[in-house]
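Text of upload.pdb, listed as PDB, C-alpha atoms (C1' of nucleotides):
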```pdb
ATOM      1  CA  MET A   1     121.739  62.589  42.391
ATOM      2  CA  ASP A   2     124.301  62.166  39.628
ATOM      3  CA  HIS A   3     123.208  58.541  39.359
ATOM      4  CA  VAL A   4     119.520  59.423  39.355
ATOM      5  CA  PHE A   5     119.718  61.935  36.524
ATOM      6  CA  ARG A   6     122.153  59.779  34.595
ATOM      7  CA  ALA A   7     119.709  56.884  34.870
ATOM      8  CA  LEU A   8     116.924  59.094  33.539
ATOM      9  CA  ALA A   9     119.095  60.282  30.630
ATOM     10  CA  ASP A  10     118.159  57.354  28.411
ATOM     11  CA  THR A  11     114.885  56.786  26.576
ATOM     12  CA  THR A  12     114.848  53.038  27.186
ATOM     13  CA  ARG A  13     115.423  53.495  30.902
ATOM     14  CA  ARG A  14     112.741  56.182  31.197
ATOM     15  CA  ASP A  15     110.391  53.790  29.420
ATOM     16  CA  ILE A  16     111.286  50.926  31.769
ATOM     17  CA  PHE A  17     110.827  53.197  34.768
ATOM     18  CA  GLN A  18     107.469  54.411  33.507
ATOM     19  CA  ARG A  19     106.299  50.831  33.068
ATOM     20  CA  VAL A  20     107.405  49.566  36.454
ATOM     21  CA  ILE A  21     106.144  52.565  38.383
ATOM     22  CA  GLY A  22     102.711  51.561  37.121
ATOM     23  CA  GLY A  23     103.209  48.143  38.748
ATOM     24  CA  GLY A  24     105.992  45.573  39.149
ATOM     25  CA  LEU A  25     107.218  43.650  36.088
ATOM     26  CA  SER A  26     109.761  40.864  35.671
ATOM     27  CA  VAL A  27     113.025  41.608  33.857
ATOM     28  CA  SER A  28     112.153  39.217  31.025
ATOM     29  CA  THR A  29     108.686  40.747  30.619
ATOM     30  CA  LEU A  30     110.369  44.129  30.321
ATOM     31  CA  ALA A  31     112.994  42.786  27.917
ATOM     32  CA  ASP A  32     110.409  41.287  25.544
ATOM     33  CA  ASP A  33     109.329  44.748  24.405
ATOM     34  CA  TYR A  34     112.735  46.001  23.292
ATOM     35  CA  GLU A  35     114.773  45.136  20.239
ATOM     36  CA  MET A  36     118.012  44.900  22.188
ATOM     37  CA  SER A  37     119.353  41.788  23.931
ATOM     38  CA  PHE A  38     118.133  40.577  27.301
ATOM     39  CA  ALA A  39     121.536  41.379  28.802
ATOM     40  CA  ALA A  40     121.266  44.989  27.598
ATOM     41  CA  VAL A  41     117.886  45.394  29.307
ATOM     42  CA  GLN A  42     119.345  43.779  32.393
ATOM     43  CA  LYS A  43     122.060  46.430  32.393
ATOM     44  CA  HIS A  44     119.514  49.223  32.052
ATOM     45  CA  VAL A  45     117.589  47.855  35.021
ATOM     46  CA  SER A  46     120.845  47.661  36.943
ATOM     47  CA  VAL A  47     121.531  51.345  36.221
ATOM     48  CA  LEU A  48     118.063  52.243  37.498
ATOM     49  CA  GLU A  49     118.675  50.065  40.546
ATOM     50  CA  ARG A  50     122.005  51.706  41.335
ATOM     51  CA  ALA A  51     120.202  55.053  41.217
ATOM     52  CA  ALA A  52     117.579  53.652  43.611
ATOM     53  CA  LEU A  53     114.872  54.431  41.087
ATOM     54  CA  VAL A  54     113.821  50.778  41.126
ATOM     55  CA  THR A  55     114.224  47.769  43.391
ATOM     56  CA  LYS A  56     114.178  44.083  42.509
ATOM     57  CA  GLU A  57     112.248  41.474  44.420
ATOM     58  CA  ARG A  58     112.861  37.819  43.699
ATOM     59  CA  HIS A  59     109.776  35.675  43.217
ATOM     60  CA  GLY A  60     110.567  32.089  42.306
ATOM     61  CA  ARG A  61     112.862  32.244  39.310
ATOM     62  CA  GLU A  62     111.579  35.666  38.320
ATOM     63  CA  GLN A  63     112.968  38.981  39.456
ATOM     64  CA  ILE A  64     110.225  41.570  39.801
ATOM     65  CA  VAL A  65     111.219  45.195  39.229
ATOM     66  CA  HIS A  66     109.377  47.850  41.215
ATOM     67  CA  GLY A  67     109.528  51.632  40.841
ATOM     68  CA  ASN A  68     110.735  53.625  43.841
ATOM     69  CA  LEU A  69     108.659  56.764  44.177
ATOM     70  CA  SER A  70     110.730  58.405  46.915
ATOM     71  CA  THR A  71     113.823  58.712  44.715
ATOM     72  CA  LEU A  72     111.706  60.132  41.911
ATOM     73  CA  ARG A  73     110.358  62.723  44.334
ATOM     74  CA  ARG A  74     113.846  63.702  45.461
ATOM     75  CA  ALA A  75     114.763  64.406  41.836
ATOM     76  CA  ALA A  76     111.536  66.320  41.230
ATOM     77  CA  ALA A  77     112.157  68.341  44.404
ATOM     78  CA  LEU A  78     115.577  69.356  43.125
ATOM     79  CA  LEU A  79     114.131  70.666  39.874
ATOM     80  CA  ASP A  80     111.472  72.514  41.842
ATOM     81  CA  ALA A  81     114.229  74.061  43.968
ATOM     82  CA  PHE A  82     115.808  75.448  40.799
ATOM     83  CA  GLU A  83     112.525  77.007  39.867
ATOM     84  CA  GLU A  84     112.268  78.490  43.338
ATOM     85  CA  ILE A  85     115.565  80.233  42.738
ATOM     86  CA  TRP A  86     114.158  81.682  39.557
ATOM     87  CA  ILE A  87     111.030  82.834  41.375
ATOM     88  CA  GLY A  88     113.244  84.398  44.027
ATOM     89  CA  ARG A  89     115.050  86.311  41.336
ATOM     90  CA  ALA A  90     111.809  87.394  39.685
ATOM     91  CA  THR A  91     110.569  88.615  43.064
ATOM     92  CA  LYS A  92     113.755  90.618  43.548
ATOM     93  CA  ILE A  93     113.415  92.109  40.088
ATOM     94  CA  ALA A  94     109.849  93.104  40.914
ATOM     95  CA  GLU A  95     111.089  94.711  44.124
ATOM     96  CA  ILE A  96     113.785  96.593  42.285
ATOM     97  CA  LEU A  97     111.362  97.845  39.671
ATOM     98  CA  GLY A  98     109.194  99.245  42.469
ATOM     99  CA  GLU A  99     105.931  97.746  43.589
ATOM    100  CA  LYS A 100     103.339 100.066  41.989
ATOM    101  CA  GLY A 101      99.885  99.293  43.358
ATOM    102  CA  SER A 102     101.324  96.809  45.822
ATOM    103  CA  ALA A 103     100.309  96.994  49.495
ATOM    104  CA  THR A 104     103.846  96.418  50.789
TER     105      THR A 104
ATOM    106  CA  MET B   1     115.266  64.902  27.105
ATOM    107  CA  ASP B   2     118.274  62.575  27.079
ATOM    108  CA  HIS B   3     120.496  65.645  26.790
ATOM    109  CA  VAL B   4     118.650  67.496  29.542
ATOM    110  CA  PHE B   5     118.942  64.738  32.126
ATOM    111  CA  ARG B   6     122.480  63.936  31.090
ATOM    112  CA  ALA B   7     123.383  67.599  31.581
ATOM    113  CA  LEU B   8     121.863  67.522  35.056
ATOM    114  CA  ALA B   9     123.740  64.322  35.961
ATOM    115  CA  ASP B  10     126.847  66.172  37.110
ATOM    116  CA  THR B  11     127.328  68.114  40.328
ATOM    117  CA  THR B  12     129.399  70.867  38.715
ATOM    118  CA  ARG B  13     126.817  71.401  35.990
ATOM    119  CA  ARG B  14     123.922  71.480  38.451
ATOM    120  CA  ASP B  15     125.891  74.051  40.419
ATOM    121  CA  ILE B  16     126.529  76.156  37.316
ATOM    122  CA  PHE B  17     122.881  75.920  36.360
ATOM    123  CA  GLN B  18     121.759  76.922  39.831
ATOM    124  CA  ARG B  19     124.030  79.959  39.734
ATOM    125  CA  VAL B  20     123.006  81.195  36.312
ATOM    126  CA  ILE B  21     119.290  80.660  36.850
ATOM    127  CA  GLY B  22     119.641  83.181  39.652
ATOM    128  CA  GLY B  23     120.994  85.681  37.119
ATOM    129  CA  GLY B  24     123.366  85.678  34.126
ATOM    130  CA  LEU B  25     127.094  85.162  34.737
ATOM    131  CA  SER B  26     130.099  85.202  32.415
ATOM    132  CA  VAL B  27     131.921  81.955  31.691
ATOM    133  CA  SER B  28     135.094  83.202  33.392
ATOM    134  CA  THR B  29     133.179  84.325  36.484
ATOM    135  CA  LEU B  30     131.712  80.849  36.660
ATOM    136  CA  ALA B  31     135.091  79.215  36.084
ATOM    137  CA  ASP B  32     136.791  81.152  38.895
ATOM    138  CA  ASP B  33     134.893  79.167  41.531
ATOM    139  CA  TYR B  34     135.948  75.700  40.403
ATOM    140  CA  GLU B  35     139.253  73.914  40.803
ATOM    141  CA  MET B  36     139.207  72.581  37.265
ATOM    142  CA  SER B  37     140.571  74.363  34.197
ATOM    143  CA  PHE B  38     138.713  77.087  32.345
ATOM    144  CA  ALA B  39     138.358  74.780  29.345
ATOM    145  CA  ALA B  40     136.663  72.146  31.522
ATOM    146  CA  VAL B  41     134.093  74.679  32.752
ATOM    147  CA  GLN B  42     133.620  75.816  29.180
ATOM    148  CA  LYS B  43     132.783  72.230  28.254
ATOM    149  CA  HIS B  44     130.287  71.937  31.089
ATOM    150  CA  VAL B  45     128.573  75.109  29.933
ATOM    151  CA  SER B  46     128.533  73.715  26.423
ATOM    152  CA  VAL B  47     126.795  70.541  27.645
ATOM    153  CA  LEU B  48     124.169  72.661  29.401
ATOM    154  CA  GLU B  49     123.809  74.725  26.237
ATOM    155  CA  ARG B  50     123.327  71.668  24.025
ATOM    156  CA  ALA B  51     120.561  70.587  26.403
ATOM    157  CA  ALA B  52     119.001  74.059  26.076
ATOM    158  CA  LEU B  53     119.237  74.506  29.836
ATOM    159  CA  VAL B  54     121.275  77.649  29.293
ATOM    160  CA  THR B  55     121.914  80.154  26.514
ATOM    161  CA  LYS B  56     124.930  82.378  25.932
ATOM    162  CA  GLU B  57     124.757  86.039  25.084
ATOM    163  CA  ARG B  58     127.860  87.850  23.971
ATOM    164  CA  HIS B  59     128.544  91.173  25.651
ATOM    165  CA  GLY B  60     131.803  92.745  24.590
ATOM    166  CA  ARG B  61     134.489  90.151  25.118
ATOM    167  CA  GLU B  62     132.427  88.361  27.729
ATOM    168  CA  GLN B  63     129.941  85.586  27.126
ATOM    169  CA  ILE B  64     127.051  85.794  29.579
ATOM    170  CA  VAL B  65     125.369  82.493  30.475
ATOM    171  CA  HIS B  66     121.644  82.595  31.233
ATOM    172  CA  GLY B  67     119.438  79.829  32.627
ATOM    173  CA  ASN B  68     116.539  78.680  30.468
ATOM    174  CA  LEU B  69     113.505  78.091  32.660
ATOM    175  CA  SER B  70     111.316  76.505  29.989
ATOM    176  CA  THR B  71     113.629  73.520  29.510
ATOM    177  CA  LEU B  72     113.823  73.054  33.263
ATOM    178  CA  ARG B  73     110.037  73.014  33.387
ATOM    179  CA  ARG B  74     109.820  70.400  30.635
ATOM    180  CA  ALA B  75     112.057  68.121  32.681
ATOM    181  CA  ALA B  76     110.099  68.784  35.859
ATOM    182  CA  ALA B  77     106.858  68.063  33.993
ATOM    183  CA  LEU B  78     108.208  64.684  32.910
ATOM    184  CA  LEU B  79     108.999  63.695  36.490
ATOM    185  CA  ASP B  80     105.553  64.870  37.539
ATOM    186  CA  ALA B  81     104.053  62.710  34.797
ATOM    187  CA  PHE B  82     105.777  59.668  36.321
ATOM    188  CA  GLU B  83     104.241  60.504  39.648
ATOM    189  CA  GLU B  84     100.856  60.834  37.978
ATOM    190  CA  ILE B  85     101.228  57.261  36.765
ATOM    191  CA  TRP B  86     101.882  56.182  40.320
ATOM    192  CA  ILE B  87      98.857  58.093  41.550
ATOM    193  CA  GLY B  88      96.801  56.444  38.819
ATOM    194  CA  ARG B  89      97.940  53.074  40.075
ATOM    195  CA  ALA B  90      97.249  53.992  43.688
ATOM    196  CA  THR B  91      93.753  55.064  42.675
ATOM    197  CA  LYS B  92      93.197  51.747  40.937
ATOM    198  CA  ILE B  93      94.405  49.876  44.002
ATOM    199  CA  ALA B  94      91.980  51.864  46.149
ATOM    200  CA  GLU B  95      89.189  50.954  43.726
ATOM    201  CA  ILE B  96      90.126  47.295  43.863
ATOM    202  CA  LEU B  97      90.221  47.309  47.646
ATOM    203  CA  GLY B  98      86.689  48.695  47.652
ATOM    204  CA  GLU B  99      85.810  52.243  48.587
ATOM    205  CA  LYS B 100      84.507  51.882  52.162
ATOM    206  CA  GLY B 101      82.939  55.119  53.303
ATOM    207  CA  SER B 102      83.317  56.594  49.851
ATOM    208  CA  ALA B 103      80.329  58.188  48.168
ATOM    209  CA  THR B 104      81.016  56.677  44.721
TER     210      THR B 104
ATOM    211  C1'  DA C   1     115.125  12.872  33.908
ATOM    212  C1'  DT C   2     115.283  16.238  30.539
ATOM    213  C1'  DA C   3     114.194  20.476  28.410
ATOM    214  C1'  DT C   4     112.911  25.229  28.908
ATOM    215  C1'  DT C   5     112.743  29.628  31.156
ATOM    216  C1'  DG C   6     114.653  33.558  33.845
ATOM    217  C1'  DT C   7     118.541  35.462  35.551
ATOM    218  C1'  DA C   8     123.541  36.547  36.377
ATOM    219  C1'  DC C   9     127.913  37.652  34.898
ATOM    220  C1'  DA C  10     132.203  38.047  32.196
ATOM    221  C1'  DA C  11     134.643  39.480  28.082
ATOM    222  C1'  DC C  12     134.734  42.358  24.399
ATOM    223  C1'  DC C  13     133.935  46.564  21.291
ATOM    224  C1'  DA C  14     132.837  51.348  19.743
ATOM    225  C1'  DT C  15     131.780  55.638  21.265
ATOM    226  C1'  DA C  16     130.929  59.278  24.783
ATOM    227  C1'  DT C  17     132.433  61.811  28.896
ATOM    228  C1'  DG C  18     135.285  64.637  31.852
ATOM    229  C1'  DG C  19     139.413  66.128  32.381
ATOM    230  C1'  DT C  20     144.055  68.083  30.735
ATOM    231  C1'  DT C  21     147.413  71.263  27.942
ATOM    232  C1'  DG C  22     148.435  74.186  24.122
ATOM    233  C1'  DT C  23     147.411  77.495  20.554
ATOM    234  C1'  DA C  24     144.906  81.282  18.567
ATOM    235  C1'  DC C  25     142.363  85.458  18.452
ATOM    236  C1'  DA C  26     139.360  89.403  19.595
ATOM    237  C1'  DT C  27     138.333  92.858  23.070
ATOM    238  C1'  DA C  28     139.695  95.918  26.669
ATOM    239  C1'  DA C  29     143.108  98.192  29.597
ATOM    240  C1'  DA C  30     148.019 100.230  30.352
TER     241       DA C  30
ATOM    242  C1'  DT D   1     151.251 100.027  20.965
ATOM    243  C1'  DT D   2     151.751  96.657  24.127
ATOM    244  C1'  DT D   3     149.759  93.827  27.648
ATOM    245  C1'  DA D   4     146.181  91.456  29.862
ATOM    246  C1'  DT D   5     141.603  89.303  29.743
ATOM    247  C1'  DG D   6     137.879  86.279  27.974
ATOM    248  C1'  DT D   7     136.782  82.984  24.865
ATOM    249  C1'  DA D   8     137.211  79.210  21.316
ATOM    250  C1'  DC D   9     138.953  75.070  19.776
ATOM    251  C1'  DA D  10     141.946  71.052  18.857
ATOM    252  C1'  DA D  11     144.555  67.108  20.458
ATOM    253  C1'  DC D  12     145.112  63.923  23.814
ATOM    254  C1'  DC D  13     144.136  60.604  27.840
ATOM    255  C1'  DA D  14     141.617  57.606  31.179
ATOM    256  C1'  DT D  15     137.415  55.935  32.284
ATOM    257  C1'  DA D  16     132.345  55.220  31.708
ATOM    258  C1'  DT D  17     128.471  53.878  28.788
ATOM    259  C1'  DG D  18     125.593  51.081  25.838
ATOM    260  C1'  DG D  19     125.644  47.514  23.221
ATOM    261  C1'  DT D  20     127.007  42.558  21.873
ATOM    262  C1'  DT D  21     127.905  37.269  22.544
ATOM    263  C1'  DG D  22     128.862  33.373  25.367
ATOM    264  C1'  DT D  23     128.688  30.643  29.520
ATOM    265  C1'  DA D  24     126.626  29.116  33.798
ATOM    266  C1'  DC D  25     123.056  27.950  36.902
ATOM    267  C1'  DA D  26     118.654  27.678  39.510
ATOM    268  C1'  DA D  27     113.672  27.169  39.067
ATOM    269  C1'  DT D  28     109.935  25.406  36.547
ATOM    270  C1'  DA D  29     107.633  22.484  32.989
ATOM    271  C1'  DT D  30     107.193  18.267  30.289
TER     272       DT D  30
END
```

Whole structure given in structure tokens:
Amino acid sequence: MDHVFRALADTTRRDIFQRVIGGGLSVSTLADDYEMSFAAVQKHVSVLERAALVTKERHGREQIVHGNLSTLRRAAALLDAFEEIWIGRATKIAEILGEKGSAT
Amino acid sequence: MDHVFRALADTTRRDIFQRVIGGGLSVSTLADDYEMSFAAVQKHVSVLERAALVTKERHGREQIVHGNLSTLRRAAALLDAFEEIWIGRATKIAEILGEKGSAT
DNA sequence: ATATTGTACAACCATATGGTTGTACATAAA
DNA sequence: TTTATGTACAACCATATGGTTGTACAATAT
């Protein structure tokens, strides 16, 4: 999870991820749209890959980058779990304050 | 957003966040449960604070750390937006494949 | 056969991160 | 008043990050 959130903690990488989750794109196609060097984009893709947010599939001389939805969902689930804790607390507070009008 | 995801990209910080979203805790109370120094925990809290994931409220000589749900929700919404893009793509693929049995 | 394209990888640099220890100071307890 | 507690902050260190340039090589065009 450290790797996943770290990978998402960069605007360029979130942009790359957003683009490839909409459909696979080659590394050079991705790189064309950023001001930085090709190698820099390559590194960003590698960070996303290490986090399992994307996978690469070789096709001839091109390397196609695909988004990995399952890892995204694991991250989203974690954030939801945090919110659940909050809801749990809110429920407890409601219980403590006394459930006026409640059927419990 | 960079700050938010970066703040979440550390196990200790996610643990701190989880604890304080369940109810405010002082920095020293938090620090007691980790092997690292008090100053290190202080820094972690500061990273969470910079990301607006937590706020600090002084109470006597103690500093109470509270979780900030709205920032959490903004992050969760971003991840959901990525999934929406995927769903959009899946819908398009379904359209391309031809909607057998569909009423459209 | 030669040139171009797409990728990989290493070396290098500046800055950020995650940890430490030490000092200082205000608040609370003895 | 003296002592203990809770926090703040600076200085320092090792390692990671985000960028660069340069080199190498396989696949595709010309």

Do you know which residues the PyMOL selection byres ((chain A and resi 40) around 12) returns on this file, as a list in words?
-> Thr12, Arg13, Val27, Ser28, Leu30, Ala31, Asp32, Tyr34, Glu35, Met36, Ser37, Phe38, Ala39, Val41, Gln42, Lys43, His44, Val45, Ser46 and Val47 of chain A; DT17, DG18, DG19, DT20 and DT21 of chain D

Would you list which chain A residues are within 8 Å of chain C using only C-alpha atoms (C1' of nucleotides), as a ChimeraX atom specification?
-> /A:28,61-63

I'd like to see the residues matched by the PyMOL selection byres ((chain B) within 12 of (chain A)) on this file, and ideally I'd get them as an mmCIF file with C-alpha atoms, in the frame of the given file.
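Final output, saved to expr19.cif:
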```
data_model
loop_
_atom_site.group_PDB
_atom_site.id
_atom_site.type_symbol
_atom_site.label_atom_id
_atom_site.label_comp_id
_atom_site.auth_asym_id
_atom_site.auth_seq_id
_atom_site.Cartn_x
_atom_site.Cartn_y
_atom_site.Cartn_z
ATOM 1 C CA MET B 1 115.266 64.902 27.105
ATOM 2 C CA ASP B 2 118.274 62.575 27.079
ATOM 3 C CA HIS B 3 120.496 65.645 26.790
ATOM 4 C CA VAL B 4 118.650 67.496 29.542
ATOM 5 C CA PHE B 5 118.942 64.738 32.126
ATOM 6 C CA ARG B 6 122.480 63.936 31.090
ATOM 7 C CA ALA B 7 123.383 67.599 31.581
ATOM 8 C CA LEU B 8 121.863 67.522 35.056
ATOM 9 C CA ALA B 9 123.740 64.322 35.961
ATOM 10 C CA ASP B 10 126.847 66.172 37.110
ATOM 11 C CA THR B 11 127.328 68.114 40.328
ATOM 12 C CA THR B 12 129.399 70.867 38.715
ATOM 13 C CA ARG B 13 126.817 71.401 35.990
ATOM 14 C CA ARG B 14 123.922 71.480 38.451
ATOM 15 C CA ASP B 15 125.891 74.051 40.419
ATOM 16 C CA ILE B 16 126.529 76.156 37.316
ATOM 17 C CA PHE B 17 122.881 75.920 36.360
ATOM 18 C CA GLN B 18 121.759 76.922 39.831
ATOM 19 C CA ARG B 19 124.030 79.959 39.734
ATOM 20 C CA VAL B 20 123.006 81.195 36.312
ATOM 21 C CA ILE B 21 119.290 80.660 36.850
ATOM 22 C CA GLY B 22 119.641 83.181 39.652
ATOM 23 C CA GLY B 23 120.994 85.681 37.119
ATOM 24 C CA GLY B 24 123.366 85.678 34.126
ATOM 25 C CA ALA B 51 120.561 70.587 26.403
ATOM 26 C CA LEU B 53 119.237 74.506 29.836
ATOM 27 C CA HIS B 66 121.644 82.595 31.233
ATOM 28 C CA GLY B 67 119.438 79.829 32.627
ATOM 29 C CA ASN B 68 116.539 78.680 30.468
ATOM 30 C CA LEU B 69 113.505 78.091 32.660
ATOM 31 C CA SER B 70 111.316 76.505 29.989
ATOM 32 C CA THR B 71 113.629 73.520 29.510
ATOM 33 C CA LEU B 72 113.823 73.054 33.263
ATOM 34 C CA ARG B 73 110.037 73.014 33.387
ATOM 35 C CA ARG B 74 109.820 70.400 30.635
ATOM 36 C CA ALA B 75 112.057 68.121 32.681
ATOM 37 C CA ALA B 76 110.099 68.784 35.859
ATOM 38 C CA ALA B 77 106.858 68.063 33.993
ATOM 39 C CA LEU B 78 108.208 64.684 32.910
ATOM 40 C CA LEU B 79 108.999 63.695 36.490
ATOM 41 C CA ASP B 80 105.553 64.870 37.539
ATOM 42 C CA ALA B 81 104.053 62.710 34.797
ATOM 43 C CA PHE B 82 105.777 59.668 36.321
ATOM 44 C CA GLU B 83 104.241 60.504 39.648
ATOM 45 C CA GLU B 84 100.856 60.834 37.978
ATOM 46 C CA ILE B 85 101.228 57.261 36.765
ATOM 47 C CA TRP B 86 101.882 56.182 40.320
ATOM 48 C CA ILE B 87 98.857 58.093 41.550
ATOM 49 C CA GLY B 88 96.801 56.444 38.819
ATOM 50 C CA ARG B 89 97.940 53.074 40.075
ATOM 51 C CA ALA B 90 97.249 53.992 43.688
ATOM 52 C CA THR B 91 93.753 55.064 42.675
ATOM 53 C CA LYS B 92 93.197 51.747 40.937
ATOM 54 C CA ILE B 93 94.405 49.876 44.002
#
```

Separation of CA of Lys56 (chain B) from CA of Asp33 (chain B), in Å and rounded to one decimal | 18.8 Å

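Between C1' of DC12 (chain D) and CA of Leu48 (chain B) the interatomic distance comes to 23.4 Å.
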
Counting all atoms listed in the file, the residue of B:Leu25, B:Arg50, B:Gly60, B:Thr55 that sits nearest chain D | B:Gly60

Ground truth for the PyMOL selection byres ((chain D) within 9 of (chain B)), written as a short mmCIF file (atom, residue, chain, number, x, y, z; two decimals) with C-alpha atoms (C1' of nucleotides), in the coordinates of the input:
```cif
data_model
loop_
_atom_site.label_atom_id
_atom_site.label_comp_id
_atom_site.auth_asym_id
_atom_site.auth_seq_id
_atom_site.Cartn_x
_atom_site.Cartn_y
_atom_site.Cartn_z
"C1'" DT D 5 141.60 89.30 29.74
"C1'" DG D 6 137.88 86.28 27.97
"C1'" DT D 7 136.78 82.98 24.86
#
```

Separation of CA of Ala94 (chain A) and CA of Val54 (chain B), in Å?
->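 Distance reported for this atom pair: 22.5 Å.
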
Assuming the input is short of atoms at region 51-58 of chain A, produce all heavy atoms for that part as an mmCIF file, in the frame of the given file.
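Output file part31.cif follows:
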```cif
data_model
loop_
_atom_site.group_PDB
_atom_site.id
_atom_site.type_symbol
_atom_site.label_atom_id
_atom_site.label_comp_id
_atom_site.auth_asym_id
_atom_site.auth_seq_id
_atom_site.Cartn_x
_atom_site.Cartn_y
_atom_site.Cartn_z
ATOM 1 N N ALA A 51 120.704 53.709 40.927
ATOM 2 C CA ALA A 51 120.202 55.053 41.217
ATOM 3 C C ALA A 51 119.066 55.018 42.238
ATOM 4 O O ALA A 51 118.522 56.060 42.594
ATOM 5 C CB ALA A 51 119.718 55.708 39.923
ATOM 6 N N ALA A 52 118.686 53.825 42.661
ATOM 7 C CA ALA A 52 117.579 53.652 43.611
ATOM 8 C C ALA A 52 116.245 54.105 43.036
ATOM 9 O O ALA A 52 115.323 54.442 43.774
ATOM 10 C CB ALA A 52 117.870 54.365 44.927
ATOM 11 N N LEU A 53 116.154 54.094 41.713
ATOM 12 C CA LEU A 53 114.872 54.431 41.087
ATOM 13 C C LEU A 53 113.971 53.205 41.024
ATOM 14 O O LEU A 53 112.745 53.326 40.918
ATOM 15 C CB LEU A 53 115.089 54.996 39.674
ATOM 16 C CG LEU A 53 115.462 56.484 39.626
ATOM 17 C CD1 LEU A 53 116.041 56.863 38.270
ATOM 18 C CD2 LEU A 53 114.256 57.363 39.952
ATOM 19 N N VAL A 54 114.595 52.031 41.076
ATOM 20 C CA VAL A 54 113.821 50.778 41.126
ATOM 21 C C VAL A 54 114.472 49.833 42.130
ATOM 22 O O VAL A 54 115.636 49.999 42.504
ATOM 23 C CB VAL A 54 113.753 50.063 39.745
ATOM 24 C CG1 VAL A 54 113.245 50.990 38.662
ATOM 25 C CG2 VAL A 54 115.093 49.460 39.362
ATOM 26 N N THR A 55 113.705 48.854 42.552
ATOM 27 C CA THR A 55 114.224 47.769 43.391
ATOM 28 C C THR A 55 113.806 46.458 42.740
ATOM 29 O O THR A 55 112.842 46.432 41.965
ATOM 30 C CB THR A 55 113.652 47.834 44.815
ATOM 31 O OG1 THR A 55 112.223 47.826 44.724
ATOM 32 C CG2 THR A 55 114.086 49.097 45.531
ATOM 33 N N LYS A 56 114.537 45.392 43.048
ATOM 34 C CA LYS A 56 114.178 44.083 42.509
ATOM 35 C C LYS A 56 113.763 43.175 43.654
ATOM 36 O O LYS A 56 114.375 43.192 44.720
ATOM 37 C CB LYS A 56 115.353 43.474 41.735
ATOM 38 C CG LYS A 56 115.621 44.186 40.432
ATOM 39 C CD LYS A 56 116.528 43.387 39.508
ATOM 40 C CE LYS A 56 117.930 43.249 40.049
ATOM 41 N NZ LYS A 56 118.857 42.669 39.047
ATOM 42 N N GLU A 57 112.741 42.394 43.403
ATOM 43 C CA GLU A 57 112.248 41.474 44.420
ATOM 44 C C GLU A 57 112.134 40.102 43.766
ATOM 45 O O GLU A 57 111.395 39.937 42.791
ATOM 46 C CB GLU A 57 110.873 41.980 44.901
ATOM 47 C CG GLU A 57 110.168 41.089 45.882
ATOM 48 C CD GLU A 57 108.656 41.282 45.794
ATOM 49 O OE1 GLU A 57 108.194 42.063 44.917
ATOM 50 O OE2 GLU A 57 107.941 40.640 46.575
ATOM 51 N N ARG A 58 112.878 39.151 44.298
ATOM 52 C CA ARG A 58 112.861 37.819 43.699
ATOM 53 C C ARG A 58 111.568 37.094 44.040
ATOM 54 O O ARG A 58 111.082 37.152 45.174
ATOM 55 C CB ARG A 58 114.068 37.009 44.164
ATOM 56 C CG ARG A 58 114.212 35.686 43.442
ATOM 57 C CD ARG A 58 115.579 35.060 43.680
ATOM 58 N NE ARG A 58 116.582 35.493 42.702
ATOM 59 C CZ ARG A 58 116.552 35.191 41.401
ATOM 60 N NH1 ARG A 58 115.544 34.488 40.900
ATOM 61 N NH2 ARG A 58 117.496 35.596 40.593
#
```
